[in-house]
$ cat structure_19.cif   # mmCIF, C-alpha atoms
data_upload
loop_
_atom_site.label_atom_id
_atom_site.label_comp_id
_atom_site.auth_asym_id
_atom_site.auth_seq_id
_atom_site.Cartn_x
_atom_site.Cartn_y
_atom_site.Cartn_z
CA MET P 1 97.49 105.14 115.68
CA THR P 2 99.07 107.04 118.58
CA SER P 3 97.08 107.59 121.77
CA ASN P 4 97.94 111.31 122.05
CA LEU P 5 95.72 112.22 119.06
CA THR P 6 92.44 113.97 119.77
CA SER P 7 89.19 112.24 118.86
CA GLY P 8 88.86 114.49 115.80
CA GLU P 9 92.38 113.68 114.64
CA GLN P 10 91.74 109.96 115.19
CA ALA P 11 88.54 110.12 113.13
CA ALA P 12 90.28 111.94 110.30
CA ALA P 13 93.24 109.55 110.32
CA ALA P 14 90.88 106.54 110.36
CA ALA P 15 89.02 107.93 107.35
CA VAL P 16 92.26 108.25 105.42
CA GLU P 17 93.13 104.64 106.24
CA ARG P 18 89.66 103.39 105.22
CA SER P 19 89.84 105.16 101.87
CA ALA P 20 93.37 103.97 101.02
CA ALA P 21 92.16 100.90 99.11
CA THR P 22 90.02 102.97 96.75
CA SER P 23 91.98 106.22 96.79
CA GLN P 24 92.26 108.54 93.83
CA LEU P 25 95.46 109.76 92.18
CA ARG P 26 95.60 112.80 89.93
CA PHE P 27 98.69 112.70 87.71
CA ALA P 28 100.00 114.47 84.63
CA THR P 29 102.30 113.44 81.81
CA ALA P 30 104.86 115.73 80.21
CA GLY P 31 107.77 115.46 77.83
CA SER P 32 109.29 116.76 74.64
CA VAL P 33 107.65 116.39 71.24
CA ASP P 34 107.71 112.78 69.97
CA ASP P 35 108.86 111.36 73.31
CA GLY P 36 105.74 109.17 73.31
CA LYS P 37 103.46 110.71 75.95
CA SER P 38 100.22 109.90 74.17
CA THR P 39 101.44 106.39 73.31
CA LEU P 40 102.29 105.80 76.98
CA VAL P 41 98.83 106.98 78.05
CA GLY P 42 97.22 104.81 75.38
CA ARG P 43 99.27 101.83 76.49
CA LEU P 44 98.26 102.41 80.13
CA LEU P 45 94.60 102.53 79.18
CA HIS P 46 94.81 99.57 76.81
CA ASP P 47 96.84 97.21 78.97
CA SER P 48 94.88 98.03 82.13
CA LYS P 49 91.66 97.06 80.27
CA SER P 50 90.31 100.63 80.50
CA VAL P 51 89.42 101.03 76.81
CA LEU P 52 85.89 100.32 75.61
CA ALA P 53 85.53 98.03 72.63
CA ASP P 54 84.08 100.73 70.38
CA GLN P 55 86.91 103.12 71.29
CA LEU P 56 89.54 100.52 70.38
CA GLU P 57 87.69 99.70 67.14
CA ALA P 58 87.69 103.42 66.19
CA VAL P 59 91.43 103.66 66.87
CA GLU P 60 92.11 100.52 64.82
CA HIS P 61 90.06 101.91 61.92
CA ALA P 62 91.85 105.28 62.06
CA SER P 63 95.23 103.54 62.19
CA ARG P 64 94.43 101.37 59.15
CA SER P 65 93.29 104.42 57.19
CA ARG P 66 96.73 105.94 57.83
CA GLY P 67 98.49 102.80 56.57
CA GLN P 68 99.47 101.44 60.00
CA GLU P 69 99.16 97.73 60.64
CA ALA P 70 99.04 97.94 64.45
CA PRO P 71 96.64 100.27 66.28
CA ASP P 72 98.19 103.64 67.15
CA LEU P 73 97.39 103.88 70.85
CA ALA P 74 98.27 107.59 70.87
CA LEU P 75 94.94 108.20 69.15
CA LEU P 76 93.17 107.28 72.38
CA THR P 77 94.20 110.65 73.79
CA ASP P 78 94.98 112.86 70.80
CA GLY P 79 91.36 113.73 70.04
CA LEU P 80 91.70 117.07 68.24
CA ARG P 81 91.89 116.92 64.45
CA ALA P 82 95.04 119.08 64.46
CA GLU P 83 96.65 116.70 66.97
CA ARG P 84 95.97 113.66 64.82
CA GLU P 85 97.12 115.36 61.64
CA GLN P 86 100.36 116.65 63.14
CA GLY P 87 101.00 113.74 65.49
CA ILE P 88 101.39 116.05 68.49
CA THR P 89 99.50 116.93 71.65
CA ILE P 90 98.14 120.49 71.74
CA ASP P 91 95.48 120.63 74.44
CA VAL P 92 95.36 118.96 77.85
CA ALA P 93 93.54 115.64 77.45
CA TYR P 94 91.93 114.30 80.61
CA ARG P 95 91.28 110.60 80.96
CA TYR P 96 89.64 108.67 83.78
CA PHE P 97 90.36 105.02 84.52
CA ALA P 98 90.56 102.68 87.47
CA THR P 99 92.16 99.47 88.66
CA PRO P 100 91.10 97.33 91.62
CA LYS P 101 93.60 99.27 93.74
CA ARG P 102 93.01 102.90 92.77
CA ARG P 103 91.08 105.42 90.66
CA PHE P 104 93.02 107.75 88.36
CA ILE P 105 92.53 111.15 86.77
CA LEU P 106 95.18 111.60 84.09
CA ALA P 107 96.11 114.85 82.36
CA ASP P 108 98.09 114.31 79.15
CA THR P 109 99.82 117.66 78.63
CA PRO P 110 101.56 119.07 75.52
CA GLY P 111 105.31 119.01 75.01
CA HIS P 112 105.82 122.15 72.90
CA VAL P 113 107.36 125.23 74.52
CA GLN P 114 104.44 127.36 73.35
CA TYR P 115 102.05 125.14 75.32
CA THR P 116 103.82 125.51 78.68
CA ARG P 117 100.64 127.11 80.05
CA ASN P 118 98.75 123.91 79.21
CA MET P 119 101.19 121.87 81.28
CA VAL P 120 100.79 124.33 84.17
CA THR P 121 97.02 123.84 83.94
CA GLY P 122 97.26 120.07 83.88
CA ALA P 123 99.87 119.75 86.62
CA SER P 124 98.44 122.38 88.98
CA THR P 125 96.27 119.81 90.79
CA ALA P 126 98.45 116.74 90.12
CA GLU P 127 100.00 114.75 92.92
CA LEU P 128 102.41 113.06 90.52
CA ALA P 129 104.03 114.01 87.23
CA VAL P 130 105.35 111.52 84.67
CA VAL P 131 108.15 113.16 82.67
CA LEU P 132 109.07 111.24 79.53
CA VAL P 133 112.51 111.21 77.96
CA ASP P 134 113.51 109.64 74.64
CA ALA P 135 116.31 107.21 75.49
CA ARG P 136 118.10 108.21 72.25
CA ASN P 137 118.15 111.92 73.12
CA GLY P 138 118.49 111.93 76.90
CA VAL P 139 117.71 114.97 79.05
CA VAL P 140 117.03 117.94 76.77
CA GLU P 141 116.02 121.56 77.37
CA GLN P 142 112.32 120.76 77.42
CA THR P 143 112.95 118.00 79.97
CA ARG P 144 114.51 120.56 82.30
CA ARG P 145 111.61 122.92 81.64
CA HIS P 146 109.07 120.29 82.66
CA ALA P 147 111.04 119.39 85.77
CA ALA P 148 111.11 123.08 86.69
CA VAL P 149 107.35 123.43 86.22
CA ALA P 150 106.77 120.36 88.41
CA ALA P 151 108.99 121.85 91.10
CA LEU P 152 107.35 125.26 90.78
CA LEU P 153 103.89 123.73 91.23
CA ARG P 154 105.10 121.67 94.20
CA VAL P 155 104.15 118.34 92.61
CA PRO P 156 105.20 115.94 95.38
CA HIS P 157 106.10 112.92 93.22
CA VAL P 158 107.90 112.81 89.86
CA VAL P 159 108.42 109.73 87.68
CA LEU P 160 111.11 109.80 85.00
CA ALA P 161 109.97 107.42 82.26
CA VAL P 162 112.90 106.73 79.95
CA ASN P 163 110.97 105.74 76.85
CA LYS P 164 111.92 103.98 73.60
CA MET P 165 114.38 101.67 75.33
CA ASP P 166 113.75 99.23 72.46
CA LEU P 167 115.55 101.67 70.15
CA VAL P 168 118.74 101.58 72.27
CA ASP P 169 118.77 97.77 72.60
CA TYR P 170 117.44 97.98 76.17
CA ALA P 171 120.91 99.07 77.32
CA GLU P 172 121.16 99.58 81.08
CA PRO P 173 124.06 102.14 80.88
CA VAL P 174 121.91 104.43 78.69
CA PHE P 175 119.10 104.37 81.24
CA ALA P 176 121.45 104.81 84.21
CA ALA P 177 123.14 107.87 82.73
CA ILE P 178 119.82 109.59 81.92
CA ALA P 179 118.37 108.74 85.34
CA GLU P 180 121.41 110.12 87.14
CA GLU P 181 121.40 113.39 85.20
CA PHE P 182 117.68 114.02 85.61
CA THR P 183 117.58 113.04 89.28
CA ALA P 184 120.42 115.43 90.13
CA TYR P 185 118.74 118.29 88.27
CA ALA P 186 115.25 117.71 89.71
CA ALA P 187 116.61 117.31 93.23
CA SER P 188 118.43 120.65 92.90
CA LEU P 189 115.03 122.26 92.23
CA GLY P 190 113.57 120.78 95.39
CA VAL P 191 111.54 117.91 93.91
CA PRO P 192 111.09 115.67 96.97
CA GLU P 193 110.77 112.28 95.27
CA ILE P 194 112.01 111.04 91.88
CA VAL P 195 111.55 107.48 90.58
CA ALA P 196 113.13 106.44 87.25
CA ILE P 197 111.60 103.64 85.16
CA PRO P 198 112.91 102.31 81.79
CA ILE P 199 110.03 101.65 79.40
CA SER P 200 108.94 101.11 75.83
CA ALA P 201 105.44 102.51 75.48
CA LEU P 202 105.14 101.14 71.94
CA ALA P 203 106.06 97.58 72.93
CA GLY P 204 104.55 97.74 76.43
CA ASP P 205 107.78 97.11 78.36
CA ASN P 206 107.43 98.08 82.06
CA VAL P 207 104.24 100.08 81.49
CA VAL P 208 101.69 97.66 82.95
CA THR P 209 103.62 94.38 82.79
CA PRO P 210 107.31 93.83 83.63
CA SER P 211 109.67 93.70 80.68
CA ALA P 212 111.34 90.46 79.66
CA ASN P 213 113.94 92.54 77.81
CA MET P 214 115.27 94.40 80.86
CA ASP P 215 115.96 91.78 83.51
CA TRP P 216 118.55 94.16 84.96
CA TYR P 217 115.72 96.41 86.20
CA GLY P 218 114.11 95.30 89.45
CA GLY P 219 111.82 98.24 90.18
CA PRO P 220 108.08 98.70 89.66
CA THR P 221 106.29 99.15 86.37
CA VAL P 222 104.66 102.50 85.71
CA LEU P 223 101.22 101.23 86.76
CA GLU P 224 102.58 99.48 89.85
CA HIS P 225 104.14 102.74 90.99
CA LEU P 226 100.98 104.71 90.24
CA GLU P 227 98.97 102.23 92.31
CA SER P 228 101.32 102.31 95.31
CA VAL P 229 102.58 105.91 95.57
CA PRO P 230 101.27 107.64 98.72
CA VAL P 231 98.24 109.83 97.99
CA GLY P 232 97.29 112.91 99.96
CA THR P 233 98.25 113.69 103.52
CA ASP P 234 96.73 113.20 106.94
CA PRO P 235 94.30 116.15 107.13
CA SER P 236 94.93 116.50 110.87
CA GLN P 237 98.49 117.63 110.05
CA ASP P 238 97.33 120.78 108.21
CA PRO P 239 95.66 123.88 109.69
CA ALA P 240 91.96 124.06 108.86
CA ARG P 241 90.87 126.36 106.05
CA PHE P 242 87.16 126.67 105.21
CA PRO P 243 86.26 129.13 102.42
CA VAL P 244 82.60 130.10 102.68
CA GLN P 245 80.82 129.48 99.40
CA TYR P 246 77.21 130.11 100.36
CA VAL P 247 75.28 131.42 103.39
CA ILE P 248 72.16 129.34 104.12
CA ARG P 249 69.24 131.33 105.61
CA PRO P 250 65.99 129.36 105.02
CA GLN P 251 63.92 131.70 107.27
CA THR P 252 61.10 129.17 107.41
CA ALA P 253 58.69 128.44 110.22
CA GLU P 254 60.70 125.32 111.01
CA HIS P 255 64.08 127.12 110.92
CA PRO P 256 63.37 130.82 111.51
CA ASP P 257 66.82 131.70 112.85
CA PHE P 258 69.06 129.16 111.12
CA ARG P 259 72.29 130.58 109.70
CA GLY P 260 74.72 128.10 108.16
CA TYR P 261 77.89 128.55 106.14
CA ALA P 262 78.35 126.05 103.31
CA GLY P 263 81.50 125.19 101.38
CA GLN P 264 84.29 122.68 100.85
CA ILE P 265 86.99 122.29 103.47
CA ALA P 266 90.22 123.25 101.70
CA SER P 267 92.54 121.70 104.30
CA GLY P 268 92.66 120.39 107.84
CA VAL P 269 89.96 119.27 110.26
CA LEU P 270 86.94 121.11 111.69
CA ARG P 271 85.41 120.02 114.99
CA VAL P 272 82.38 121.07 116.99
CA GLY P 273 83.67 123.26 119.82
CA ASP P 274 86.63 124.70 117.87
CA ALA P 275 87.40 128.36 118.43
CA VAL P 276 87.54 129.96 115.00
CA SER P 277 88.23 133.31 113.39
CA VAL P 278 86.52 134.69 110.31
CA LEU P 279 88.84 136.42 107.88
CA PRO P 280 89.41 139.08 106.75
CA SER P 281 87.26 140.71 109.48
CA GLY P 282 89.02 138.87 112.32
CA ARG P 283 85.81 138.26 114.26
CA THR P 284 85.81 135.15 116.46
CA SER P 285 83.27 132.52 117.43
CA THR P 286 82.90 128.80 118.15
CA ILE P 287 81.69 125.99 115.90
CA THR P 288 78.36 124.69 117.28
CA GLY P 289 77.42 122.28 114.50
CA ILE P 290 78.66 120.56 111.33
CA ASP P 291 76.27 119.13 108.74
CA ALA P 292 77.79 116.66 106.27
CA LEU P 293 75.42 115.34 103.59
CA GLY P 294 72.39 115.95 105.80
CA ALA P 295 73.85 114.28 108.90
CA LEU P 296 75.10 116.11 111.97
CA VAL P 297 78.70 115.15 112.77
CA ASP P 298 81.26 116.18 115.38
CA VAL P 299 84.21 116.31 113.00
CA ALA P 300 84.81 116.89 109.28
CA TRP P 301 87.97 117.08 107.19
CA ALA P 302 89.27 118.10 103.77
CA PRO P 303 88.00 117.78 101.10
CA GLN P 304 84.49 117.23 102.48
CA SER P 305 81.68 119.66 101.63
CA VAL P 306 79.83 120.70 104.78
CA THR P 307 77.63 123.32 106.39
CA VAL P 308 78.98 124.91 109.57
CA THR P 309 77.03 126.79 112.23
CA LEU P 310 78.61 129.20 114.71
CA ALA P 311 77.68 130.31 118.22
CA ASP P 312 77.47 133.99 117.20
CA ASP P 313 75.53 135.79 114.47
CA LEU P 314 78.43 137.31 112.57
CA ASP P 315 78.45 139.23 109.31
CA ILE P 316 79.82 136.46 107.10
CA SER P 317 79.43 136.21 103.33
CA ARG P 318 80.80 134.31 100.33
CA GLY P 319 84.56 134.67 100.17
CA ASP P 320 85.19 134.82 103.90
CA LEU P 321 87.58 132.24 105.34
CA ILE P 322 86.87 130.36 108.59
CA VAL P 323 90.10 129.24 110.29
CA PRO P 324 91.28 128.11 113.73
CA SER P 325 91.91 131.15 115.91
CA ASP P 326 95.32 129.80 116.91
CA HIS P 327 96.41 128.96 113.32
CA ALA P 328 95.14 131.90 111.28
CA PRO P 329 97.05 133.19 108.24
CA GLN P 330 98.01 136.84 108.01
CA THR P 331 95.75 139.07 105.95
CA THR P 332 97.35 141.45 103.48
CA GLN P 333 96.63 143.73 100.54
CA ASP P 334 100.19 143.40 99.19
CA VAL P 335 100.74 140.14 97.38
CA GLU P 336 104.06 138.91 96.00
CA ALA P 337 103.86 135.79 93.91
CA THR P 338 105.23 133.65 91.13
CA VAL P 339 102.82 133.49 88.21
CA CYS P 340 102.38 131.75 84.88
CA HIS P 341 100.70 133.97 82.32
CA LEU P 342 98.06 132.04 80.38
CA HIS P 343 96.47 134.58 78.06
CA ASP P 344 97.64 135.75 74.64
CA ARG P 345 97.33 139.38 75.79
CA PRO P 346 100.45 140.30 77.83
CA LEU P 347 100.29 141.14 81.53
CA ARG P 348 101.84 144.54 82.23
CA ALA P 349 102.61 146.65 85.30
CA GLY P 350 99.66 148.94 85.93
CA ASP P 351 97.07 146.46 84.65
CA ARG P 352 93.79 146.36 86.57
CA VAL P 353 92.64 142.82 87.22
CA LEU P 354 90.37 140.75 89.43
CA LEU P 355 92.08 138.36 91.84
CA LYS P 356 90.19 135.17 92.68
CA HIS P 357 91.38 133.35 95.80
CA THR P 358 89.31 130.32 96.85
CA THR P 359 85.75 131.72 96.84
CA ARG P 360 86.76 135.38 97.20
CA THR P 361 87.19 137.77 94.26
CA VAL P 362 88.63 141.28 94.73
CA LYS P 363 89.99 144.08 92.55
CA ALA P 364 93.77 144.27 92.21
CA ILE P 365 96.49 146.25 90.43
CA VAL P 366 99.70 144.81 89.02
CA LYS P 367 102.16 147.14 90.74
CA ASP P 368 105.36 145.59 89.42
CA ILE P 369 106.80 142.69 87.44
CA PRO P 370 110.29 142.35 88.98
CA SER P 371 111.52 139.45 86.85
CA ARG P 372 110.80 136.83 84.23
CA LEU P 373 112.14 133.31 84.57
CA THR P 374 113.71 131.28 81.77
CA LEU P 375 112.92 127.69 82.69
CA ALA P 376 115.57 126.15 80.46
CA ASP P 377 118.43 127.46 82.60
CA LEU P 378 116.50 129.05 85.50
CA SER P 379 117.98 132.47 84.70
CA HIS P 380 116.21 135.67 85.73
CA HIS P 381 115.49 138.60 83.45
CA PRO P 382 114.99 141.65 85.66
CA ALA P 383 112.26 144.22 84.97
CA PRO P 384 110.85 142.59 81.81
CA GLY P 385 108.00 145.10 81.66
CA GLU P 386 105.45 142.45 80.74
CA LEU P 387 104.73 138.74 80.74
CA ALA P 388 103.63 137.11 77.49
CA ALA P 389 101.70 133.86 77.11
CA ASN P 390 103.56 130.92 78.72
CA ASP P 391 105.93 133.26 80.61
CA ILE P 392 106.65 132.57 84.28
CA GLY P 393 107.73 135.45 86.47
CA ARG P 394 107.40 137.37 89.71
CA VAL P 395 104.66 139.94 90.25
CA VAL P 396 103.73 142.42 92.97
CA LEU P 397 100.00 143.04 93.41
CA ARG P 398 97.94 145.45 95.49
CA THR P 399 94.38 144.36 96.29
CA SER P 400 91.37 146.49 97.14
CA GLU P 401 90.53 144.33 100.17
CA PRO P 402 92.64 142.19 102.51
CA LEU P 403 93.20 138.56 101.56
CA ALA P 404 93.98 135.64 103.87
CA LEU P 405 96.66 133.98 101.75
CA ASP P 406 98.84 131.09 102.79
CA THR P 407 102.12 130.67 100.97
CA TYR P 408 101.95 128.18 98.11
CA ASP P 409 104.75 126.27 99.84
CA ASP P 410 102.40 125.65 102.77
CA SER P 411 99.20 125.02 100.82
CA ARG P 412 98.69 124.50 97.09
CA ARG P 413 94.96 125.17 97.61
CA THR P 414 94.91 128.36 99.70
CA GLY P 415 98.24 129.64 98.39
CA SER P 416 97.08 129.80 94.78
CA PHE P 417 94.96 132.35 92.94
CA LEU P 418 93.86 133.47 89.48
CA LEU P 419 94.04 136.87 87.82
CA ILE P 420 90.94 137.60 85.73
CA ASP P 421 90.16 140.24 83.13
CA PRO P 422 87.49 142.49 84.71
CA ALA P 423 86.12 143.40 81.26
CA ASP P 424 85.11 139.95 80.04
CA GLY P 425 85.91 137.49 82.84
CA THR P 426 88.61 135.55 80.99
CA THR P 427 91.40 133.96 83.00
CA LEU P 428 94.71 135.77 82.51
CA THR P 429 97.24 134.38 84.96
CA ALA P 430 97.74 131.61 87.52
CA GLY P 431 99.53 132.68 90.68
CA MET P 432 101.39 131.03 93.55
CA ALA P 433 101.77 133.24 96.62
CA GLY P 434 105.07 133.62 98.44
CA ASP P 435 108.63 132.79 97.53
CA SER P 436 109.84 130.04 95.22
CA PHE P 437 113.04 129.07 93.47
CA ALA P 438 111.89 131.63 90.87
CA ALA P 439 111.99 134.50 93.36
CA SER P 440 114.28 137.43 92.66
CA ALA P 441 114.96 140.86 94.06
CA LYS P 442 112.10 143.31 93.87
CA GLY P 443 112.45 146.40 91.78
CA GLY P 444 110.57 149.25 90.20
CA GLU P 445 108.32 151.91 91.57
CA ALA P 446 104.64 151.43 92.26
CA ALA P 447 102.48 152.73 89.45
CA GLU P 448 100.22 155.72 89.98
CA ASP P 449 96.58 154.93 89.62
CA ASP P 450 93.14 156.44 89.30
CA GLU P 451 89.54 155.58 88.47
CA GLY P 452 88.89 153.99 91.86
CA TRP P 453 91.71 151.44 91.59
CA ASP P 454 94.15 153.24 93.91
CA PHE P 455 94.39 150.93 96.90
#

$ encode --input "structure_19.cif" --output "structure tokens"
Amino acid sequence: MTSNLTSGEQAAAAAVERSAATSQLRFATAGSVDDGKSTLVGRLLHDSKSVLADQLEAVEHASRSRGQEAPDLALLTDGLRAEREQGITIDVAYRYFATPKRRFILADTPGHVQYTRNMVTGASTAELAVVLVDARNGVVEQTRRHAAVAALLRVPHVVLAVNKMDLVDYAEPVFAAIAEEFTAYAASLGVPEIVAIPISALAGDNVVTPSANMDWYGGPTVLEHLESVPVGTDPSQDPARFPVQYVIRPQTAEHPDFRGYAGQIASGVLRVGDAVSVLPSGRTSTITGIDALGALVDVAWAPQSVTVTLADDLDISRGDLIVPSDHAPQTTQDVEATVCHLHDRPLRAGDRVLLKHTTRTVKAIVKDIPSRLTLADLSHHPAPGELAANDIGRVVLRTSEPLALDTYDDSRRTGSFLLIDPADGTTLTAGMAGDSFAASAKGGEAAEDDEGWDF
């Protein structure tokens, strides 16, 4: 640890080091239909001894009833009746397991084009994505689509699992050609790290244990890589962002004047004595106290949940953002973003929506939809007029109140938002503020508006 770090930075860095042995990795799987995603997940769970005896017995019984001699490990994740009947993954299946080195939250996402929104949901919080490829088919259109989604969501680590190597006689040239093609494509999208692993999920080769059939491969197994890939970042390297979730005013005889601001630190480090600004008002103050789980501390860091007290009695409410005065984001009512539309009802220019950013929810209007992106070839369709379910495109929004948005490139947490239907509260669209490889030239005129939505 370098001596030029402040005491707060040293404490945060030390906490990261202490938690490394029991850190948590969120990862998602993706791939085309029948590439073996669910079998890979089942194999991971089975071979890492993360399956309860009654679960395995149920899978064995279901497999026998379908005429299969060996247990179908895909049934450990494909829980919906329609998934088991069709042999496909439809919904995102979350599984939790652990090894002595790390805890895991796994999102098994669908492979069909019409379930792209499900992959976006599963990968939005993932730190790693496992993209499966059938060794017989190589890189296909859906493979490129999943790589593009991973790049769009800024997933920092991508694993290419070339599956079904047993069906190509474990041939190294087949694996090498697929790995080279995928790596070049993913790197062109800006994916920072790609690791290729040849596997057979059905036979267990290179999933948890090294394969005796591929002595030409000297890299890690899938589980070894999942256990060793770097998780998270040093919180002292990111500017602090603290969305206020709740204002605590007990007004009791013991605490007649107490005013605390509770929430989860989205990024960075907070210290007693820091000069902070409250957005969007821009008022300034100084942190006088930090309460973490009932104990007063001098420093706290993401993703801890804390209560902060300030030197001044400011008008602060849920949705306000407390940030360092010298590293404050710009506030704006004009938002340009890349979005994935999640709802069956299309999103159109002129639509009135609610925009939820961290703990703040404001009214907004969709002023323009400049383009729609085709993930297969990354081509842009200008002025599409609307975005249908699973579509990814660019939108221009106008909000009723200023928002303190970071770009998604800078922060996946404070650069993301949701668009919500104001009529019934359903989630419509997931958004990523700022530019991306999906950005295109703006176009169209702002829509006229009425009924109190003209911002």

$ resolve_selection --input "structure_19.cif" --expression "the PyMOL selection byres ((chain P and resi 351-359) around 10)" --output "number ranges by chain"
P: 242-246, 263-264, 266, 318-321, 346-350, 360-368, 397-400, 403-405, 413-423, 425, 427-431, 447, 449, 453

$ atom_distance --input "structure_19.cif" --atom1 "CA of Ala389 (chain P)" --atom2 "CA of Asp406 (chain P)"
26.0 Å

$ closest_residue --input "structure_19.cif" --among "P:Ala311, P:Ala177, P:Ala148, P:Ile199" --to "Met165 (chain P)" --atoms "only C-alpha atoms"
P:Ile199

$ atom_distance --input "structure_19.cif" --atom1 "CA of Ala147 (chain P)" --atom2 "CA of Val131 (chain P)"
7.5 Å

$ closest_atom_pairs --input "structure_19.cif" --of "region 201-269 of chain P" --to "region 153-162 of chain P" --cutoff "10 Å" --atoms "only C-alpha atoms" --output "CSV"
residue,atom,partner,partner_atom,distance
P:Ala201,CA,P:Ala161,CA,9.5
P:Asn206,CA,P:Ala161,CA,9.7
P:Val207,CA,P:Ala161,CA,9.3
P:Thr221,CA,P:Ala161,CA,9.9
P:Val222,CA,P:Ala161,CA,8.0
P:His225,CA,P:Val159,CA,8.8
P:Leu226,CA,P:Val159,CA,9.3
P:Val229,CA,P:His157,CA,8.2
P:Pro230,CA,P:His157,CA,9.0
P:Val231,CA,P:Pro156,CA,9.6
P:Gly232,CA,P:Pro156,CA,9.6

$ closest_atom_pairs --input "structure_19.cif" --of "region 114-165 of chain P" --to "region 392-396 of chain P" --cutoff "12 Å" --atoms "all atoms listed in the file" --output "JSON lines"
{"residue": "P:Thr116", "atom": "CA", "partner": "P:Ile392", "partner_atom": "CA", "distance": 9.4}
{"residue": "P:Arg117", "atom": "CA", "partner": "P:Ile392", "partner_atom": "CA", "distance": 9.2}
{"residue": "P:Val120", "atom": "CA", "partner": "P:Ile392", "partner_atom": "CA", "distance": 10.1}
{"residue": "P:Arg145", "atom": "CA", "partner": "P:Ile392", "partner_atom": "CA", "distance": 11.2}
{"residue": "P:Ala148", "atom": "CA", "partner": "P:Ile392", "partner_atom": "CA", "distance": 10.8}
{"residue": "P:Val149", "atom": "CA", "partner": "P:Ile392", "partner_atom": "CA", "distance": 9.4}
{"residue": "P:Leu152", "atom": "CA", "partner": "P:Ile392", "partner_atom": "CA", "distance": 9.8}
{"residue": "P:Leu153", "atom": "CA", "partner": "P:Ile392", "partner_atom": "CA", "distance": 11.6}

$ resolve_selection --input "structure_19.cif" --expression "the PyMOL selection byres ((chain P and resi 99) around 10)" --output "JSON, numbers by chain"
{"P": [22, 48, 49, 50, 97, 98, 100, 101, 102, 103, 104, 223, 227]}

$ closest_atom_pairs --input "structure_19.cif" --of "region 324-401 of chain P" --to "region 269-282 of chain P" --cutoff "7 Å" --atoms "all atoms listed in the file" --output "JSON lines"
{"residue": "P:Pro324", "atom": "CA", "partner": "P:Val276", "partner_atom": "CA", "distance": 4.4}
{"residue": "P:Ser325", "atom": "CA", "partner": "P:Val276", "partner_atom": "CA", "distance": 4.6}
{"residue": "P:Thr331", "atom": "CA", "partner": "P:Pro280", "partner_atom": "CA", "distance": 6.4}

$ closest_residue --input "structure_19.cif" --among "P:Thr39, P:Asn163, P:Thr209, P:Thr233" --to "Ser411 (chain P)" --atoms "all atoms listed in the file"
P:Thr233

$ resolve_selection --input "structure_19.cif" --expression "the PyMOL selection byres ((chain P and resi 292) around 8)" --output "ChimeraX atom specification"
/P:290-291,293-297,300,304-307

$ write_last_selection --input "structure_19.cif" --atoms "C-alpha atoms" --output "PDB file, keeping the file's coordinate frame"
ATOM      1  CA  ILE P 290      78.660 120.560 111.330  1.00  0.00           C
ATOM      2  CA  ASP P 291      76.270 119.130 108.740  1.00  0.00           C
ATOM      3  CA  LEU P 293      75.420 115.340 103.590  1.00  0.00           C
ATOM      4  CA  GLY P 294      72.390 115.950 105.800  1.00  0.00           C
ATOM      5  CA  ALA P 295      73.850 114.280 108.900  1.00  0.00           C
ATOM      6  CA  LEU P 296      75.100 116.110 111.970  1.00  0.00           C
ATOM      7  CA  VAL P 297      78.700 115.150 112.770  1.00  0.00           C
ATOM      8  CA  ALA P 300      84.810 116.890 109.280  1.00  0.00           C
ATOM      9  CA  GLN P 304      84.490 117.230 102.480  1.00  0.00           C
ATOM     10  CA  SER P 305      81.680 119.660 101.630  1.00  0.00           C
ATOM     11  CA  VAL P 306      79.830 120.700 104.780  1.00  0.00           C
ATOM     12  CA  THR P 307      77.630 123.320 106.390  1.00  0.00           C
TER      13      THR P 307
END

$ atom_distance --input "structure_19.cif" --atom1 "CA of Glu127 (chain P)" --atom2 "CA of Asp47 (chain P)"
22.6 Å
